[in-house]
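Notes follow once the structure below has been shown.
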Amino acid sequence: MHQIVLTVVTLLAALAVGPRPAAAQGDVNPTTDVPPRPANIAGCPAENLAFHTCALQKARTFTPPRTPSGRPNLQGYWRSRLTQAWSVEGVPVNDPLATDVFQAWEPSAPEIVEPADRKIPYQAWAAAIGRRGVNFKQYIDPRTTCSSGGVPRLALQDASQILQPPTDDHVLWLHDDHHQFRVIAMGQRPAVGSDVQTWNGLSRGRWEGNTLVIESTNFNGYTWIDDAGDFYTNTARITERLTMVDPNTIHYEATLEDPTVYTRPWKVAWALIRETEPGFELIEESCREGERSLGRIREQGARFYFGAPWRFR
Amino acid sequence: MRAILAVTIFCVGLTLSAATALAHHSFAAEFDANQPITLTGTLTKMEWVNPHGWIYIDVKDQSGKVVNWAIEAGAPNALLRRGLRKTDFPIGSEVVVKGFRAKNGTPTANGQTVTFKDGRNFFLGASETPGAPQ
């Protein structure tokens, strides 16, 4: 009963017409760049948890297009939906930052779908660092220094491209954002020692039915999960699952585990929808070529983030 | 009950991923929302670079001295996709810029709007400019 009420309320909340998202913050023309807000995505409610449940159900009876070698064909340009950069825990309407004159964080649903309270299950020491704690207050978001958004943050940055080269040895996931790309090695590979630590992790992929399962380890822990400074360390393991729901929609989920930081694994989920504009191409964001703000930001006392709060805890 | 309450508090917005992707850095760290500024000047240079462009305008201050201001502008990729080109910003154009001054007192501002004499209004707000039109 509780579940049904929860779902109904969520649905009603999703359908409620709120203020237009502040997409024009930043470099977007509000009259030409903002697509209309859909009431649903692939016939599922436009809220993360409701979409998550509904989309996985639909995917069970959807047969995705195939590559010539018979794999599900996820290739194409994709844009994320049901995402926001501020916080994976969401931004409530009464959040102080939602009305902050500097940087209004748009009220939005959590991207977290598990655990049920939709909060990151931090250990006590870590909760003081993430969630707009030490990281947010004292350090510079690694994306600001033109470093990677990391995993899964890259998957919510706009405009990406999935490629499945015909040898099926790898899946490539390319991103507009900060010239990042991920190489997902398919099939069995020997493990790599934990002293090899990378920004986007080392990824191994496999097919489970129609789902692309990506397991990543060997992170350096230098990335933030969101603008709120949520984080993991170099002991993180992330499992992503991409499943087509209909010809133009992928259900994306990521399970994050890090015994150093969390009390249990937790999961985010959102949608990737196909970009259908003719002639669309990824455009490299060569971030470092014209980055001019760091000097002024550092003058105000902010520090570069290379995991100091967790490395030297 | 608490879970339902938590859900109802959330105004469920479909935030445009285009906007979130370009949330490049904290406006508050660099610029001062208590120092809004309107500058009228002539365009001397435009840097069409990542992560966001810069336009430079010559502004005459009260004493008649000309100061060149640097205005943080939009990300070139987003402008390109919107159909804009560097040639849309001809050198010598008279422009009015509304934005916020840098905290460090240099002639630098975070541009919120740029209006040309012919009436064209290019929203060039860099990421997280306060009061951006919805």
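Numbering starts fresh at 1 for the residues of each chain in the structure tokens, the chains themselves are lettered A, B, ... in the order given, and ligands are numbered from 1 as they appear.
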Query raised in the report: Which neighbours of segment 35-47 of chain B fall inside 10 Å, counting only C-alpha atoms, when residues of the same chain fewer than 3 positions from it are skipped, and could you give them as a PyMOL selection string?
Result: (chain A and resi 290) or (chain B and resi 31-32+50+52-61+66-73+76+86-87+89-103+109-116)
Those selected residues, please, written with N, CA and C atoms and delivered as a tab-separated table (two decimals), in the first residue's frame.
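For reference, result.tsv as written:
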chain	number	residue	atom	x	y	z
A	290	GLY	N	41.16	27.72	-23.12
A	290	GLY	CA	40.75	29.07	-22.80
A	290	GLY	C	40.31	29.23	-21.36
B	31	PHE	N	32.96	35.99	-8.92
B	31	PHE	CA	32.27	37.25	-9.17
B	31	PHE	C	31.40	37.62	-7.97
B	32	ASP	N	31.00	38.87	-7.94
B	32	ASP	CA	30.30	39.40	-6.77
B	32	ASP	C	28.89	39.81	-7.16
B	50	ASN	N	37.02	27.48	-25.47
B	50	ASN	CA	36.46	26.70	-24.39
B	50	ASN	C	37.20	27.03	-23.10
B	52	HIS	N	34.52	28.65	-21.90
B	52	HIS	CA	33.56	29.67	-22.29
B	52	HIS	C	34.32	30.82	-22.93
B	53	GLY	N	33.61	31.52	-23.83
B	53	GLY	CA	34.27	32.58	-24.56
B	53	GLY	C	34.43	33.83	-23.72
B	54	TRP	N	35.21	34.73	-24.26
B	54	TRP	CA	35.41	36.04	-23.62
B	54	TRP	C	35.22	37.11	-24.67
B	55	ILE	N	34.49	38.15	-24.30
B	55	ILE	CA	34.43	39.32	-25.17
B	55	ILE	C	35.08	40.49	-24.44
B	56	TYR	N	35.72	41.32	-25.18
B	56	TYR	CA	36.44	42.47	-24.62
B	56	TYR	C	35.85	43.74	-25.18
B	57	ILE	N	35.52	44.66	-24.30
B	57	ILE	CA	34.92	45.91	-24.76
B	57	ILE	C	35.66	47.11	-24.17
B	58	ASP	N	35.80	48.12	-24.97
B	58	ASP	CA	36.38	49.39	-24.51
B	58	ASP	C	35.25	50.21	-23.92
B	59	VAL	N	35.43	50.57	-22.67
B	59	VAL	CA	34.40	51.34	-21.96
B	59	VAL	C	35.03	52.64	-21.48
B	60	LYS	N	34.34	53.74	-21.72
B	60	LYS	CA	34.85	55.03	-21.25
B	60	LYS	C	34.32	55.24	-19.84
B	61	ASP	N	35.22	55.52	-18.90
B	61	ASP	CA	34.73	55.80	-17.56
B	61	ASP	C	34.39	57.28	-17.43
B	66	VAL	N	39.56	55.36	-21.20
B	66	VAL	CA	39.02	54.11	-21.78
B	66	VAL	C	39.65	52.92	-21.06
B	67	VAL	N	38.77	52.07	-20.57
B	67	VAL	CA	39.23	50.83	-19.91
B	67	VAL	C	38.69	49.65	-20.70
B	68	ASN	N	39.55	48.70	-20.94
B	68	ASN	CA	39.13	47.50	-21.65
B	68	ASN	C	38.64	46.46	-20.65
B	69	TRP	N	37.39	46.08	-20.78
B	69	TRP	CA	36.79	45.11	-19.87
B	69	TRP	C	36.75	43.72	-20.50
B	70	ALA	N	36.99	42.74	-19.70
B	70	ALA	CA	36.87	41.34	-20.13
B	70	ALA	C	35.55	40.80	-19.59
B	71	ILE	N	34.75	40.28	-20.48
B	71	ILE	CA	33.43	39.77	-20.09
B	71	ILE	C	33.38	38.28	-20.37
B	72	GLU	N	33.10	37.54	-19.31
B	72	GLU	CA	32.97	36.10	-19.46
B	72	GLU	C	31.68	35.79	-20.21
B	73	ALA	N	31.78	35.06	-21.27
B	73	ALA	CA	30.63	34.84	-22.14
B	73	ALA	C	30.28	33.36	-22.22
B	76	PRO	N	31.40	28.25	-26.48
B	76	PRO	CA	31.32	28.30	-27.95
B	76	PRO	C	30.52	27.14	-28.54
B	86	LYS	N	31.35	33.35	-34.87
B	86	LYS	CA	32.21	34.44	-34.42
B	86	LYS	C	31.92	35.70	-35.22
B	87	THR	N	31.55	35.55	-36.48
B	87	THR	CA	31.27	36.72	-37.34
B	87	THR	C	30.00	37.45	-36.91
B	89	PHE	N	29.66	38.63	-34.14
B	89	PHE	CA	30.14	39.59	-33.15
B	89	PHE	C	31.21	40.49	-33.79
B	90	PRO	N	30.79	41.39	-34.68
B	90	PRO	CA	31.78	42.19	-35.41
B	90	PRO	C	32.51	43.18	-34.49
B	91	ILE	N	33.83	43.24	-34.69
B	91	ILE	CA	34.64	44.18	-33.92
B	91	ILE	C	34.15	45.58	-34.20
B	92	GLY	N	34.11	46.38	-33.17
B	92	GLY	CA	33.66	47.76	-33.33
B	92	GLY	C	32.19	47.95	-33.02
B	93	SER	N	31.45	46.86	-32.87
B	93	SER	CA	30.02	46.97	-32.54
B	93	SER	C	29.86	47.63	-31.18
B	94	GLU	N	28.79	48.43	-31.09
B	94	GLU	CA	28.47	49.01	-29.80
B	94	GLU	C	27.60	48.02	-29.05
B	95	VAL	N	28.01	47.74	-27.83
B	95	VAL	CA	27.26	46.76	-27.04
B	95	VAL	C	26.99	47.26	-25.64
B	96	VAL	N	25.92	46.77	-25.07
B	96	VAL	CA	25.63	47.02	-23.67
B	96	VAL	C	25.67	45.68	-22.95
B	97	VAL	N	26.51	45.60	-21.95
B	97	VAL	CA	26.67	44.35	-21.21
B	97	VAL	C	26.13	44.54	-19.79
B	98	LYS	N	25.30	43.62	-19.39
B	98	LYS	CA	24.88	43.59	-17.98
B	98	LYS	C	25.50	42.35	-17.34
B	99	GLY	N	26.12	42.54	-16.19
B	99	GLY	CA	26.74	41.40	-15.54
B	99	GLY	C	27.14	41.75	-14.12
B	100	PHE	N	28.11	41.01	-13.64
B	100	PHE	CA	28.57	41.19	-12.26
B	100	PHE	C	30.09	41.27	-12.25
B	101	ARG	N	30.59	42.18	-11.45
B	101	ARG	CA	32.05	42.42	-11.38
B	101	ARG	C	32.78	41.28	-10.70
B	102	ALA	N	34.04	41.12	-11.09
B	102	ALA	CA	34.91	40.18	-10.40
B	102	ALA	C	35.23	40.70	-9.01
B	103	LYS	N	35.38	39.76	-8.08
B	103	LYS	CA	35.67	40.12	-6.69
B	103	LYS	C	37.02	40.80	-6.56
B	109	ALA	N	34.09	40.98	-15.80
B	109	ALA	CA	32.71	40.76	-15.38
B	109	ALA	C	32.17	39.48	-15.97
B	110	ASN	N	31.22	38.91	-15.26
B	110	ASN	CA	30.51	37.73	-15.73
B	110	ASN	C	29.29	38.22	-16.50
B	111	GLY	N	29.30	38.07	-17.80
B	111	GLY	CA	28.25	38.65	-18.63
B	111	GLY	C	26.94	37.91	-18.50
B	112	GLN	N	25.89	38.66	-18.33
B	112	GLN	CA	24.56	38.06	-18.23
B	112	GLN	C	23.78	38.30	-19.54
B	113	THR	N	23.84	39.52	-20.04
B	113	THR	CA	23.24	39.81	-21.35
B	113	THR	C	24.17	40.70	-22.14
B	114	VAL	N	24.11	40.56	-23.42
B	114	VAL	CA	24.84	41.46	-24.31
B	114	VAL	C	23.85	41.94	-25.35
B	115	THR	N	23.65	43.24	-25.39
B	115	THR	CA	22.68	43.80	-26.31
B	115	THR	C	23.41	44.68	-27.33
B	116	PHE	N	23.13	44.43	-28.58
B	116	PHE	CA	23.73	45.23	-29.64
B	116	PHE	C	22.84	46.41	-29.99
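For segment 113-250 of chain A, a DSSP pass over the backbone yields helix (DSSP H, G or I) at Ala124, Trp125, Ala126, Ala127, Val134, Asn135, Phe136, Lys137, Gln138, Pro142, Arg143, Thr144, Thr145, Arg153, Leu154, Ala155, Leu156, Asp177, His178 and His179 of chain A.
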Write the selection just made, keeping C-alpha atoms, as a PDB file, in the first residue's frame?
ATOM      1  CA  ALA A 124      29.975   9.284   9.340  1.00  0.00           C
ATOM      2  CA  TRP A 125      33.459  10.600   8.540  1.00  0.00           C
ATOM      3  CA  ALA A 126      32.629  10.874   4.837  1.00  0.00           C
ATOM      4  CA  ALA A 127      29.293  12.657   5.265  1.00  0.00           C
ATOM      5  CA  VAL A 134      34.477  20.107   3.138  1.00  0.00           C
ATOM      6  CA  ASN A 135      34.799  19.428  -0.590  1.00  0.00           C
ATOM      7  CA  PHE A 136      32.173  21.963  -1.588  1.00  0.00           C
ATOM      8  CA  LYS A 137      33.331  24.653   0.824  1.00  0.00           C
ATOM      9  CA  GLN A 138      37.083  24.463   0.444  1.00  0.00           C
ATOM     10  CA  PRO A 142      37.664  19.001 -10.532  1.00  0.00           C
ATOM     11  CA  ARG A 143      35.546  19.793 -13.594  1.00  0.00           C
ATOM     12  CA  THR A 144      36.398  23.440 -13.081  1.00  0.00           C
ATOM     13  CA  THR A 145      40.057  22.566 -13.562  1.00  0.00           C
ATOM     14  CA  ARG A 153      28.923  12.097 -13.783  1.00  0.00           C
ATOM     15  CA  LEU A 154      30.073  11.896 -17.413  1.00  0.00           C
ATOM     16  CA  ALA A 155      26.915   9.988 -18.237  1.00  0.00           C
ATOM     17  CA  LEU A 156      24.790  12.959 -17.290  1.00  0.00           C
ATOM     18  CA  ASP A 177      32.411  17.325 -22.131  1.00  0.00           C
ATOM     19  CA  HIS A 178      36.041  18.176 -21.553  1.00  0.00           C
ATOM     20  CA  HIS A 179      37.228  15.996 -24.382  1.00  0.00           C
TER      21      HIS A 179
END
Report task. For each of A:Tyr252, A:Tyr122, A:Trp78, A:Trp207, take the minimum atom-to-atom distance to Ala159 of chain A, counting only C-alpha atoms, then give the residue where this is smallest. Result -> A:Trp78
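The space between atom CA of Glu289 of chain A and atom CA of Ala75 of chain B spans 12.3 Å.
Atom to atom, atom CA of Ile297 of chain A and atom CA of Arg85 of chain B stand 29.1 Å apart.
Residue nearest Asp258 of chain A, chosen from A:Gly295, A:Pro121, A:Val213, A:Asp169 and counting only C-alpha atoms: A:Pro121.
Those residues that approach Thr255 of chain A to within 12 Å, counting only C-alpha atoms, are Glu111, Ile112, Val113, Glu114, Pro115, Ile120, Val151, Pro152, Val213, Ile214, Glu215, Ser216, Ala236, Arg237, Ile238, Thr239, Glu240, Arg241, Leu242, Tyr262, Arg264, Pro265, Trp266, Lys267, Val268 and Ala269 of chain A; same-chain residues fewer than 5 positions away are not listed.
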